[in-house]
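Working notes, beginning with the structure itself.
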Amino acid sequence: MDKNNLVLPISILLGCLILGSFYYMSQVNKQQSIEKQQQIDLRLKALELKAKVEAGQAKAEQDKKEYIVKRKQDCYDLETAERKKFGNVDGSNYNELDDVCIVRYVNKEWKEGDPNSCNNSFECLFEENCECIERYFSKEF
């Protein structure tokens, strides 16, 4: 084969290599672009999920606050009703931790200095938060 006969096959081969290289590079670029878009989509989904979680937490907190306000109002209403029934109501308090309303009454039987003024007064001395000695008793609702 002489030189002229090799030029055409070499030209075709080089042309194919160049075209193949361009095609390969465009496919690599396309794949990188797709992967980058997928990463962006994942980040957006993660941000949306985080926003939904935060919104859910904010709603849960708001619901809890509204519940506590309602329970405090219920407790106040209960105190008012108890006050109408009994003349010894001292006050009320809503305990959020235990979710109970505590109405406190004055013990009318209590007499200062009288050890028998409270039932089980001896036992009461050894218990924590014993209100009997202090002339009060309370009920949880």
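Letters A, B, ... go to the chains of the structure tokens in the order shown; residues in each chain start at 1; ligands are counted from 1 in the same order.
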(Q) To test your reading of the structure, identify every residue in chain A that backbone DSSP assigns to alpha helix (DSSP H), and report it as a VMD selection string. (A) chain A and resid 3 to 85 121 to 124
Q: Using only C-alpha atoms, determine which residues lie at most 12 Å from A:Lys70, disregarding the query and same-chain residues fewer than 6 positions distant; provide the list as a list in words.
A: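 Within the cut-off, the hits are Asp63, Lys64, Tyr76, Asp77, Tyr94, Glu96, Asp99 and Cys101 of chain A.
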Q | Nearby residues (only C-alpha atoms) at most 7 Å from A:Val89, same-chain spacing under 4 positions excluded, as a list in words | A |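 With the cut-off at 7 Å, the set is Glu82, Arg83, Arg104, Tyr105 and Val106 of chain A.
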Q: Enumerate the residues of stretch 14-125 of chain A with a DSSP assignment of strand (DSSP E or B), computed from the backbone, and present them as a ChimeraX atom specification.
A: /A:89-95,100-106
Q: Counting only C-alpha atoms, figure out which residue out of A:Ala60, A:Leu8, A:Ile102, A:Leu47 gets nearest to A:Asp74.
A: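 Smallest separation from A:Asp74 among the options: A:Ile102.
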Q | Interatomic distance (Å, one decimal) between atom CA of A:Tyr23 and atom CA of A:Asn4 | A |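 Result for atom CA of A:Tyr23 versus atom CA of A:Asn4: 29.0 Å, one decimal.
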Q. Quick one: of A:Glu140, A:Glu54, A:Glu35, A:Glu48, who's nearest to A:Val100, counting only C-alpha atoms?
A.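 That would be A:Glu140, the residue with the smallest distance to A:Val100.
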Which polymer residues have any atom within 8 Å of an atom of A:Asn93, counting only C-alpha atoms, with same-chain residues fewer than 2 positions away left out, as a PDB file with C-alpha atoms, in the first residue's frame?
```pdb
ATOM      1  CA  LYS A  72     -56.528  26.892  82.836  1.00  0.00           C
ATOM      2  CA  CYS A  75     -59.730  25.131  86.146  1.00  0.00           C
ATOM      3  CA  GLY A  91     -57.867  29.233  95.127  1.00  0.00           C
ATOM      4  CA  ASN A  95     -50.594  21.745  86.996  1.00  0.00           C
ATOM      5  CA  CYS A 101     -56.620  21.229  88.242  1.00  0.00           C
ATOM      6  CA  ILE A 102     -55.922  21.580  91.935  1.00  0.00           C
ATOM      7  CA  VAL A 103     -58.509  23.422  93.996  1.00  0.00           C
TER       8      VAL A 103
END
```
Q: Have a look at atom CA of A:Gln73 and atom CA of A:Lys108 and let me know their distance in Å, one decimal.
A: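 So the answer is 27.1 Å.
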